[in-house]
$ cat model.tsv   # TSV, C-alpha atoms
chain	number	residue	atom	x	y	z
B	1	MET	CA	-35.64	-47.13	22.32
B	2	ASP	CA	-38.43	-46.35	19.89
B	3	THR	CA	-40.01	-43.07	21.00
B	4	SER	CA	-43.34	-44.33	19.69
B	5	ILE	CA	-44.07	-45.27	23.30
B	6	LEU	CA	-45.43	-41.73	23.41
B	7	PRO	CA	-48.17	-40.29	21.19
B	8	ARG	CA	-46.55	-38.29	18.42
B	9	SER	CA	-47.06	-37.40	14.81
B	10	GLY	CA	-44.71	-37.51	11.88
B	11	ASN	CA	-42.45	-34.58	12.66
B	12	ASP	CA	-41.21	-32.69	15.69
B	13	LYS	CA	-43.04	-29.44	14.97
B	14	ASP	CA	-46.40	-31.21	15.05
B	15	LYS	CA	-45.87	-32.27	18.68
B	16	ARG	CA	-46.87	-28.82	19.90
B	17	ALA	CA	-50.27	-29.07	18.28
B	18	GLU	CA	-51.05	-32.63	19.38
B	19	LYS	CA	-54.12	-33.01	21.56
B	20	THR	CA	-54.42	-36.39	23.22
B	21	GLY	CA	-57.46	-35.45	25.28
B	22	LEU	CA	-55.39	-36.26	28.37
B	23	PRO	CA	-53.36	-33.96	30.64
B	24	LEU	CA	-49.80	-33.46	29.43
B	25	VAL	CA	-48.58	-34.04	33.00
B	26	ASP	CA	-50.67	-36.08	35.41
B	27	PHE	CA	-49.63	-36.88	39.00
B	28	SER	CA	-51.79	-39.27	41.02
B	29	LYS	CA	-50.81	-39.69	44.69
B	30	VAL	CA	-47.14	-39.09	43.84
B	31	SER	CA	-44.73	-39.29	46.77
B	32	LYS	CA	-40.97	-38.98	46.96
B	33	VAL	CA	-39.10	-40.22	50.02
B	34	TYR	CA	-35.36	-39.91	50.63
B	35	GLY	CA	-33.45	-41.92	53.22
B	36	VAL	CA	-34.70	-44.45	55.77
B	37	GLY	CA	-35.46	-44.52	59.47
B	38	ARG	CA	-34.58	-41.34	61.33
B	39	ALA	CA	-32.93	-39.95	58.21
B	40	GLN	CA	-36.13	-40.32	56.17
B	41	VAL	CA	-37.35	-37.15	54.47
B	42	ILE	CA	-40.72	-36.98	52.71
B	43	ALA	CA	-40.05	-34.49	49.92
B	44	MET	CA	-43.46	-35.00	48.29
B	45	ASP	CA	-46.50	-36.51	49.98
B	46	GLU	CA	-49.26	-38.01	47.79
B	47	VAL	CA	-49.51	-35.09	45.37
B	48	ASP	CA	-52.29	-34.95	42.77
B	49	LEU	CA	-51.63	-32.50	39.92
B	50	ALA	CA	-52.78	-32.26	36.31
B	51	ILE	CA	-51.31	-29.81	33.79
B	52	ASN	CA	-52.84	-29.53	30.34
B	53	GLU	CA	-51.10	-28.88	27.04
B	54	GLY	CA	-50.64	-25.18	26.40
B	55	GLU	CA	-50.77	-24.12	30.05
B	56	PHE	CA	-48.27	-21.86	31.79
B	57	VAL	CA	-47.98	-22.99	35.43
B	58	ALA	CA	-45.81	-21.49	38.17
B	59	ILE	CA	-44.75	-23.48	41.23
B	60	MET	CA	-43.96	-21.65	44.47
B	61	GLY	CA	-43.15	-22.52	48.05
B	62	PRO	CA	-40.50	-22.06	50.76
B	63	SER	CA	-37.24	-23.99	50.69
B	64	GLY	CA	-37.85	-27.68	51.30
B	65	SER	CA	-41.53	-27.45	50.38
B	66	GLY	CA	-41.28	-29.93	47.49
B	67	LYS	CA	-41.38	-27.61	44.49
B	68	SER	CA	-37.94	-28.54	43.13
B	69	THR	CA	-38.66	-32.23	43.71
B	70	CYS	CA	-41.85	-31.81	41.72
B	71	LEU	CA	-39.95	-30.24	38.82
B	72	ASN	CA	-37.30	-32.97	38.90
B	73	LEU	CA	-39.96	-35.69	38.77
B	74	ILE	CA	-41.78	-34.01	35.88
B	75	GLY	CA	-38.47	-33.69	34.04
B	76	CYS	CA	-37.64	-37.38	34.58
B	77	LEU	CA	-34.51	-36.40	36.49
B	78	ASP	CA	-35.84	-38.46	39.38
B	79	THR	CA	-38.52	-41.11	39.89
B	80	PRO	CA	-41.43	-41.24	42.39
B	81	SER	CA	-41.22	-43.50	45.43
B	82	SER	CA	-44.92	-44.24	44.99
B	83	GLY	CA	-47.92	-43.07	43.02
B	84	SER	CA	-48.34	-42.61	39.27
B	85	TYR	CA	-46.84	-40.06	36.87
B	86	ARG	CA	-48.19	-40.03	33.34
B	87	PHE	CA	-46.82	-37.93	30.50
B	88	LYS	CA	-49.15	-37.69	27.50
B	89	GLY	CA	-51.00	-40.62	29.00
B	90	VAL	CA	-47.91	-42.84	29.22
B	91	ALA	CA	-46.92	-44.23	32.63
B	92	VAL	CA	-43.41	-42.84	33.12
B	93	GLY	CA	-42.76	-45.28	35.96
B	94	GLY	CA	-42.88	-48.14	33.47
B	95	LEU	CA	-40.12	-46.69	31.30
B	96	SER	CA	-36.51	-47.78	31.46
B	97	ARG	CA	-33.71	-45.31	32.23
B	98	ASN	CA	-32.89	-45.09	28.52
B	99	GLN	CA	-36.53	-44.49	27.64
B	100	ARG	CA	-36.77	-41.68	30.20
B	101	ALA	CA	-33.60	-40.14	28.74
B	102	LEU	CA	-35.16	-40.21	25.28
B	103	LEU	CA	-38.37	-38.70	26.64
B	104	ARG	CA	-36.29	-35.79	27.97
B	105	ARG	CA	-34.42	-35.50	24.68
B	106	HIS	CA	-37.48	-35.50	22.41
B	107	TYR	CA	-40.17	-33.81	24.48
B	108	LEU	CA	-38.63	-31.59	27.18
B	109	GLY	CA	-36.64	-28.38	27.26
B	110	PHE	CA	-34.83	-27.16	30.39
B	111	ILE	CA	-34.03	-23.60	31.50
B	112	PHE	CA	-31.88	-23.06	34.60
B	113	GLN	CA	-31.19	-20.15	36.93
B	114	GLY	CA	-27.46	-20.37	36.23
B	115	TYR	CA	-27.92	-20.59	32.42
B	116	ASN	CA	-25.60	-23.66	32.19
B	117	LEU	CA	-23.89	-22.42	29.04
B	118	LEU	CA	-20.51	-23.71	27.86
B	119	LYS	CA	-18.21	-20.78	28.54
B	120	ARG	CA	-15.79	-21.17	25.63
B	121	THR	CA	-18.39	-21.76	22.94
B	122	THR	CA	-20.47	-19.23	21.04
B	123	ALA	CA	-24.20	-18.65	21.42
B	124	ILE	CA	-25.02	-20.67	18.32
B	125	GLU	CA	-22.76	-23.53	19.41
B	126	ASN	CA	-24.51	-23.64	22.78
B	127	VAL	CA	-27.92	-23.75	21.13
B	128	GLU	CA	-26.74	-26.54	18.82
B	129	MET	CA	-25.82	-28.91	21.67
B	130	PRO	CA	-29.19	-30.68	22.12
B	131	LEU	CA	-29.51	-30.90	18.34
B	132	VAL	CA	-26.20	-32.77	18.19
B	133	TYR	CA	-27.67	-35.40	20.51
B	134	ARG	CA	-30.72	-35.58	18.27
B	135	GLY	CA	-28.45	-36.51	15.34
B	136	TYR	CA	-29.16	-33.55	13.06
B	137	LYS	CA	-26.62	-32.66	10.36
B	138	LYS	CA	-24.53	-29.56	10.97
B	139	SER	CA	-26.30	-27.48	8.31
B	140	VAL	CA	-29.69	-28.34	9.80
B	141	ARG	CA	-28.47	-27.66	13.33
B	142	GLN	CA	-27.20	-24.24	12.37
B	143	LYS	CA	-30.43	-23.31	10.62
B	144	MET	CA	-32.55	-24.40	13.58
B	145	SER	CA	-30.23	-22.64	16.05
B	146	LEU	CA	-30.27	-19.38	14.10
B	147	THR	CA	-34.06	-19.50	14.01
B	148	ALA	CA	-34.22	-20.04	17.78
B	149	LEU	CA	-31.76	-17.23	18.50
B	150	LYS	CA	-33.74	-14.87	16.27
B	151	GLU	CA	-36.92	-15.80	18.09
B	152	VAL	CA	-35.44	-14.80	21.45
B	153	GLY	CA	-34.10	-11.50	20.08
B	154	LEU	CA	-30.42	-12.39	19.67
B	155	GLU	CA	-30.05	-12.08	15.92
B	156	GLY	CA	-26.55	-10.76	15.28
B	157	ARG	CA	-25.18	-12.11	18.56
B	158	GLU	CA	-24.76	-15.68	17.35
B	159	HIS	CA	-20.96	-15.72	17.53
B	160	HIS	CA	-20.57	-14.12	20.95
B	161	THR	CA	-19.40	-16.22	23.89
B	162	PRO	CA	-21.19	-16.03	27.26
B	163	ALA	CA	-18.49	-13.67	28.57
B	164	GLN	CA	-19.47	-11.23	25.82
B	165	LEU	CA	-23.17	-11.34	26.72
B	166	SER	CA	-25.14	-9.79	29.57
B	167	GLY	CA	-26.97	-11.97	32.09
B	168	GLY	CA	-30.25	-11.38	30.30
B	169	GLU	CA	-28.69	-12.29	26.96
B	170	GLN	CA	-27.18	-15.45	28.41
B	171	GLN	CA	-30.60	-16.51	29.66
B	172	ARG	CA	-32.00	-15.84	26.18
B	173	VAL	CA	-29.35	-18.17	24.75
B	174	ALA	CA	-30.43	-20.78	27.30
B	175	ILE	CA	-34.06	-20.34	26.24
B	176	ALA	CA	-33.09	-20.61	22.57
B	177	ARG	CA	-31.26	-23.85	23.36
B	178	ALA	CA	-34.36	-25.16	25.14
B	179	ILE	CA	-36.78	-24.33	22.30
B	180	ALA	CA	-34.52	-25.28	19.37
B	181	THR	CA	-35.76	-28.89	19.54
B	182	ASN	CA	-39.44	-27.81	19.49
B	183	PRO	CA	-40.26	-29.39	22.87
B	184	SER	CA	-43.75	-30.16	24.12
B	185	LEU	CA	-42.83	-28.87	27.58
B	186	LEU	CA	-40.43	-26.25	28.94
B	187	LEU	CA	-39.26	-26.70	32.53
B	188	ALA	CA	-37.85	-23.49	33.98
B	189	ASP	CA	-36.07	-23.52	37.35
B	190	GLU	CA	-35.83	-19.96	38.73
B	191	PRO	CA	-35.23	-18.50	35.23
B	192	THR	CA	-35.07	-14.91	36.54
B	193	GLY	CA	-33.23	-15.66	39.79
B	194	ASN	CA	-29.92	-14.16	38.64
B	195	LEU	CA	-31.43	-11.13	36.90
B	196	ASP	CA	-32.54	-7.67	38.02
B	197	SER	CA	-36.25	-6.85	37.89
B	198	LYS	CA	-36.10	-5.23	34.44
B	199	LYS	CA	-34.23	-8.11	32.79
B	200	GLY	CA	-36.40	-10.58	34.70
B	201	SER	CA	-39.56	-9.00	33.31
B	202	GLU	CA	-38.09	-9.17	29.80
B	203	ILE	CA	-37.45	-12.90	30.21
B	204	MET	CA	-40.98	-13.44	31.52
B	205	ASP	CA	-42.42	-11.52	28.57
B	206	LEU	CA	-40.44	-13.81	26.27
B	207	LEU	CA	-41.66	-16.97	28.02
B	208	THR	CA	-45.24	-15.69	27.87
B	209	LYS	CA	-44.89	-15.05	24.15
B	210	LEU	CA	-43.54	-18.56	23.56
B	211	ASN	CA	-46.45	-19.99	25.51
B	212	GLN	CA	-49.09	-17.93	23.73
B	213	ASP	CA	-47.69	-17.87	20.19
B	214	ARG	CA	-46.26	-21.38	19.96
B	215	GLY	CA	-48.47	-23.15	22.46
B	216	ILE	CA	-45.51	-24.55	24.39
B	217	THR	CA	-46.49	-25.75	27.85
B	218	ILE	CA	-44.34	-24.12	30.54
B	219	ILE	CA	-43.84	-25.18	34.15
B	220	MET	CA	-41.73	-22.74	36.16
B	221	VAL	CA	-40.39	-22.82	39.71
B	222	THR	CA	-39.94	-19.35	41.18
B	223	HIS	CA	-39.61	-17.57	44.53
B	224	GLU	CA	-40.87	-14.30	43.04
B	225	ARG	CA	-44.61	-13.66	43.25
B	226	ALA	CA	-44.46	-11.00	40.54
B	227	MET	CA	-42.94	-13.51	38.13
B	228	ALA	CA	-45.45	-16.21	39.09
B	229	GLU	CA	-48.29	-13.90	38.13
B	230	TYR	CA	-47.28	-14.20	34.47
B	231	ALA	CA	-48.52	-17.81	34.62
B	232	ASP	CA	-52.09	-19.03	34.18
B	233	ARG	CA	-51.98	-20.80	37.55
B	234	THR	CA	-49.70	-20.78	40.57
B	235	VAL	CA	-49.33	-24.05	42.49
B	236	HIS	CA	-48.23	-23.44	46.08
B	237	PHE	CA	-46.30	-26.18	47.90
B	238	LEU	CA	-45.87	-26.52	51.65
B	239	ASP	CA	-44.35	-29.46	53.55
B	240	GLY	CA	-44.39	-31.70	50.48
B	241	ARG	CA	-48.03	-31.09	49.63
B	242	ILE	CA	-49.99	-28.67	47.47
B	243	SER	CA	-51.42	-26.10	49.87
B	244	ASN	CA	-53.21	-23.94	47.31
B	245	ILE	CA	-53.69	-23.46	43.57
B	246	GLN	CA	-54.22	-19.86	42.52
B	247	ASN	CA	-55.89	-18.88	39.25
B	248	ASN	CA	-53.95	-15.93	37.82
B	249	ARG	CA	-56.24	-15.33	34.85
B	250	VAL	CA	-58.17	-12.81	36.93
B	251	ILE	CA	-54.94	-10.82	37.38
B	252	HIS	CA	-54.36	-10.85	33.62
B	253	GLN	CA	-57.77	-9.35	32.86
$ encode --input "model.tsv" --output "structure tokens"
Amino acid sequence: MDTSILPRSGNDKDKRAEKTGLPLVDFSKVSKVYGVGRAQVIAMDEVDLAINEGEFVAIMGPSGSGKSTCLNLIGCLDTPSSGSYRFKGVAVGGLSRNQRALLRRHYLGFIFQGYNLLKRTTAIENVEMPLVYRGYKKSVRQKMSLTALKEVGLEGREHHTPAQLSGGEQQRVAIARAIATNPSLLLADEPTGNLDSKKGSEIMDLLTKLNQDRGITIIMVTHERAMAEYADRTVHFLDGRISNIQNNRVIHQ
């Protein structure tokens, strides 16, 4: 697939500064239904949501509320049953499976609660993985990976395996891996869920810095209200619908 289906400029770094005049993420009456008949579950029910470039948005809600489904749909890990999802103005529902895979590869970065690092490989090798899929030469991959690791505060820890790193350091490796490709959007699924409050706050400070200094849009699912308050807005889900959207900018003042 030619990734020109999406608005982009000549090089990857410029993607962060692109302004299309449209929301980066735009849901219109998006629903997701699993199963049929008595087994049918409505995970999302006609959700409208717009997220602009450069925003930091937290998503909260009880288990089964639809927040994880929302993140999966935004990340093109699943597709809506109905409604419209547009990314940078492009209708994602009209893309093929391969095109959605390339959208993830070129525009999205993922951060998970469990870090998802390869246990027998070093920090720099873990960060290099998405760059391998992008086809970069080894020398370029290493340079980009070292830059990303330095940015998350792991300079000098490049050749340590996950077993030689603390939980907070492992999550920093995962963040470095996610930002190494210069994504337009970071999707974080409970990024502090396995960390104590001190390490969790350090990770949130790092995400906030990436959002403010580099302009990377961040969408984060969390159960922790204190972590959600780092975001510009908190979107609350309940029973597959948005129950409330809280403006956190007042808290930041």
$ residues_around --input "model.tsv" --residues "B:Leu131" --least-positions-apart "6" --cutoff "10 Å" --atoms "all atoms listed in the file" --output "JSON, numbers by chain"
{"B": [105, 137, 138, 140, 141, 142, 144, 145, 177, 180, 181]}
$ atom_distance --input "model.tsv" --atom1 "atom CA of B:Asn244" --atom2 "atom CA of B:Cys70"
14.9 Å
$ residues_near_point --input "model.tsv" --point "(-48.0, -25.1, 42.0)" --cutoff "8 Å" --atoms "all atoms listed in the file" --output "MDAnalysis selection string"
chainID B and resid 57:60 67 233:237 242 244:245
$ write_last_selection --input "model.tsv" --atoms "C-alpha atoms" --output "CSV table (one decimal), in the coordinates of the input"
chain,number,residue,atom,x,y,z
B,57,VAL,CA,-48.0,-23.0,35.4
B,58,ALA,CA,-45.8,-21.5,38.2
B,59,ILE,CA,-44.8,-23.5,41.2
B,60,MET,CA,-44.0,-21.6,44.5
B,67,LYS,CA,-41.4,-27.6,44.5
B,233,ARG,CA,-52.0,-20.8,37.6
B,234,THR,CA,-49.7,-20.8,40.6
B,235,VAL,CA,-49.3,-24.0,42.5
B,236,HIS,CA,-48.2,-23.4,46.1
B,237,PHE,CA,-46.3,-26.2,47.9
B,242,ILE,CA,-50.0,-28.7,47.5
B,244,ASN,CA,-53.2,-23.9,47.3
B,245,ILE,CA,-53.7,-23.5,43.6
$ residues_around --input "model.tsv" --residues "B:Lys209" --least-positions-apart "6" --cutoff "12 Å" --atoms "all atoms listed in the file" --output "ChimeraX atom specification"
/B:54,56,151-152,202-203,215-218,230-231
$ residues_near_point --input "model.tsv" --point "(-25.2, -17.1, 20.6)" --cutoff "12 Å" --atoms "all atoms listed in the file" --output "PyMOL selection string"
chain B and resi 117-129+142+145-150+152-166+169-177
$ write_last_selection --input "model.tsv" --atoms "C-alpha atoms" --output "compact mmCIF listing (two decimals), keeping the file's coordinate frame"
# COMPACT_ATOMS: atom_id res chain seq x y z
CA LEU B 117 -23.89 -22.42 29.04
CA LEU B 118 -20.51 -23.71 27.86
CA LYS B 119 -18.21 -20.78 28.54
CA ARG B 120 -15.79 -21.17 25.63
CA THR B 121 -18.39 -21.76 22.94
CA THR B 122 -20.47 -19.23 21.04
CA ALA B 123 -24.20 -18.65 21.42
CA ILE B 124 -25.02 -20.67 18.32
CA GLU B 125 -22.76 -23.53 19.41
CA ASN B 126 -24.51 -23.64 22.78
CA VAL B 127 -27.92 -23.75 21.13
CA GLU B 128 -26.74 -26.54 18.82
CA MET B 129 -25.82 -28.91 21.67
CA GLN B 142 -27.20 -24.24 12.37
CA SER B 145 -30.23 -22.64 16.05
CA LEU B 146 -30.27 -19.38 14.10
CA THR B 147 -34.06 -19.50 14.01
CA ALA B 148 -34.22 -20.04 17.78
CA LEU B 149 -31.76 -17.23 18.50
CA LYS B 150 -33.74 -14.87 16.27
CA VAL B 152 -35.44 -14.80 21.45
CA GLY B 153 -34.10 -11.50 20.08
CA LEU B 154 -30.42 -12.39 19.67
CA GLU B 155 -30.05 -12.08 15.92
CA GLY B 156 -26.55 -10.76 15.28
CA ARG B 157 -25.18 -12.11 18.56
CA GLU B 158 -24.76 -15.68 17.35
CA HIS B 159 -20.96 -15.72 17.53
CA HIS B 160 -20.57 -14.12 20.95
CA THR B 161 -19.40 -16.22 23.89
CA PRO B 162 -21.19 -16.03 27.26
CA ALA B 163 -18.49 -13.67 28.57
CA GLN B 164 -19.47 -11.23 25.82
CA LEU B 165 -23.17 -11.34 26.72
CA SER B 166 -25.14 -9.79 29.57
CA GLU B 169 -28.69 -12.29 26.96
CA GLN B 170 -27.18 -15.45 28.41
CA GLN B 171 -30.60 -16.51 29.66
CA ARG B 172 -32.00 -15.84 26.18
CA VAL B 173 -29.35 -18.17 24.75
CA ALA B 174 -30.43 -20.78 27.30
CA ILE B 175 -34.06 -20.34 26.24
CA ALA B 176 -33.09 -20.61 22.57
CA ARG B 177 -31.26 -23.85 23.36
$ atom_distance --input "model.tsv" --atom1 "atom CA of B:Thr208" --atom2 "atom CA of B:Ser68"
21.2 Å
$ atom_distance --input "model.tsv" --atom1 "atom CA of B:Ser84" --atom2 "atom CA of B:Pro191"
27.7 Å
$ decode --input "model.tsv" --residues "stretch 30-144 of chain B" --atoms "C-alpha atoms" --output "short mmCIF file (atom, residue, chain, number, x, y, z; two decimals), in the first residue's frame"
data_model
loop_
_atom_site.label_atom_id
_atom_site.label_comp_id
_atom_site.auth_asym_id
_atom_site.auth_seq_id
_atom_site.Cartn_x
_atom_site.Cartn_y
_atom_site.Cartn_z
CA VAL B 30 -19.37 4.56 16.26
CA SER B 31 -20.74 1.29 17.62
CA LYS B 32 -19.10 -2.06 18.24
CA VAL B 33 -21.22 -5.17 18.71
CA TYR B 34 -19.93 -8.66 19.53
CA GLY B 35 -21.95 -11.84 19.10
CA VAL B 36 -25.55 -12.31 17.96
CA GLY B 37 -28.90 -13.00 19.56
CA ARG B 38 -28.78 -13.63 23.29
CA ALA B 39 -24.99 -13.59 23.20
CA GLN B 40 -24.90 -10.09 21.69
CA VAL B 41 -22.84 -7.55 23.61
CA ILE B 42 -22.86 -3.85 22.70
CA ALA B 43 -19.34 -2.77 23.65
CA MET B 44 -19.73 0.74 22.20
CA ASP B 45 -23.03 2.43 21.43
CA GLU B 46 -23.07 5.30 18.89
CA VAL B 47 -20.10 7.18 20.33
CA ASP B 48 -19.17 10.64 19.04
CA LEU B 49 -15.64 11.74 19.93
CA ALA B 50 -13.14 14.14 18.38
CA ILE B 51 -9.50 14.39 19.48
CA ASN B 52 -7.28 17.10 18.02
CA GLU B 53 -3.60 16.91 17.18
CA GLY B 54 -1.43 17.72 20.19
CA GLU B 55 -4.03 16.78 22.81
CA PHE B 56 -3.45 14.51 25.80
CA VAL B 57 -6.69 12.63 26.50
CA ALA B 58 -7.37 10.09 29.26
CA ILE B 59 -10.14 7.50 29.00
CA MET B 60 -11.69 6.11 32.18
CA GLY B 61 -14.56 3.84 33.13
CA PRO B 62 -15.39 0.61 34.98
CA SER B 63 -14.63 -2.79 33.48
CA GLY B 64 -16.83 -3.44 30.47
CA SER B 65 -17.64 0.25 29.97
CA GLY B 66 -16.15 0.42 26.46
CA LYS B 67 -12.87 2.21 27.11
CA SER B 68 -10.61 -0.61 25.90
CA THR B 69 -12.83 -1.16 22.87
CA CYS B 70 -12.47 2.53 22.08
CA LEU B 71 -8.68 2.31 22.26
CA ASN B 72 -8.63 -0.81 20.08
CA LEU B 73 -10.76 0.89 17.43
CA ILE B 74 -8.58 4.01 17.43
CA GLY B 75 -5.50 1.81 17.10
CA CYS B 76 -6.99 -0.10 14.16
CA LEU B 77 -6.77 -3.33 16.14
CA ASP B 78 -10.49 -3.75 15.56
CA THR B 79 -13.12 -2.24 13.27
CA PRO B 80 -16.49 -0.59 14.10
CA SER B 81 -19.73 -2.48 13.53
CA SER B 82 -21.31 0.79 12.40
CA GLY B 83 -20.59 4.50 12.31
CA SER B 84 -17.58 6.36 10.94
CA TYR B 85 -13.98 6.57 12.19
CA ARG B 86 -11.72 9.07 10.47
CA PHE B 87 -7.99 9.43 11.11
CA LYS B 88 -6.52 12.68 9.76
CA GLY B 89 -9.69 13.00 7.74
CA VAL B 90 -9.35 9.58 6.10
CA ALA B 91 -12.21 7.08 6.54
CA VAL B 92 -10.50 4.13 8.24
CA GLY B 93 -13.46 1.87 7.46
CA GLY B 94 -12.61 2.14 3.77
CA LEU B 95 -9.06 0.85 4.24
CA SER B 96 -8.02 -2.73 3.61
CA ARG B 97 -6.44 -4.85 6.35
CA ASN B 98 -2.99 -4.18 4.89
CA GLN B 99 -3.66 -0.45 4.74
CA ARG B 100 -4.75 -0.42 8.39
CA ALA B 101 -1.56 -2.31 9.30
CA LEU B 102 0.51 0.32 7.52
CA LEU B 103 -1.42 3.09 9.25
CA ARG B 104 -0.45 1.52 12.59
CA ARG B 105 3.16 1.12 11.46
CA HIS B 106 3.63 4.68 10.18
CA TYR B 107 1.41 6.78 12.44
CA LEU B 108 0.78 5.01 15.76
CA GLY B 109 2.85 4.06 18.78
CA PHE B 110 1.60 1.62 21.43
CA ILE B 111 2.43 1.44 25.15
CA PHE B 112 1.10 -1.46 27.22
CA GLN B 113 0.66 -2.15 30.92
CA GLY B 114 2.79 -5.29 30.68
CA TYR B 115 5.57 -3.55 28.68
CA ASN B 116 5.60 -6.35 26.03
CA LEU B 117 9.39 -6.40 25.79
CA LEU B 118 11.34 -9.33 24.34
CA LYS B 119 12.95 -10.86 27.41
CA ARG B 120 16.22 -12.07 25.90
CA THR B 121 17.01 -8.92 23.94
CA THR B 122 18.60 -5.70 25.13
CA ALA B 123 16.86 -2.36 25.55
CA ILE B 124 18.22 -1.03 22.28
CA GLU B 125 17.23 -4.20 20.42
CA ASN B 126 13.69 -3.90 21.76
CA VAL B 127 13.47 -0.28 20.65
CA GLU B 128 14.78 -1.23 17.20
CA MET B 129 11.96 -3.72 16.50
CA PRO B 130 9.41 -1.34 14.90
CA LEU B 131 12.24 0.27 12.93
CA VAL B 132 13.10 -3.13 11.45
CA TYR B 133 9.56 -3.36 10.09
CA ARG B 134 9.93 0.14 8.67
CA GLY B 135 12.95 -1.07 6.66
CA TYR B 136 15.63 1.18 8.16
CA LYS B 137 19.28 0.13 7.88
CA LYS B 138 20.92 -1.14 11.06
CA SER B 139 23.09 1.95 11.52
CA VAL B 140 20.05 4.21 11.21
CA ARG B 141 18.01 2.02 13.54
CA GLN B 142 20.67 2.14 16.21
CA LYS B 143 21.01 5.91 15.98
CA MET B 144 17.25 6.43 16.23
#
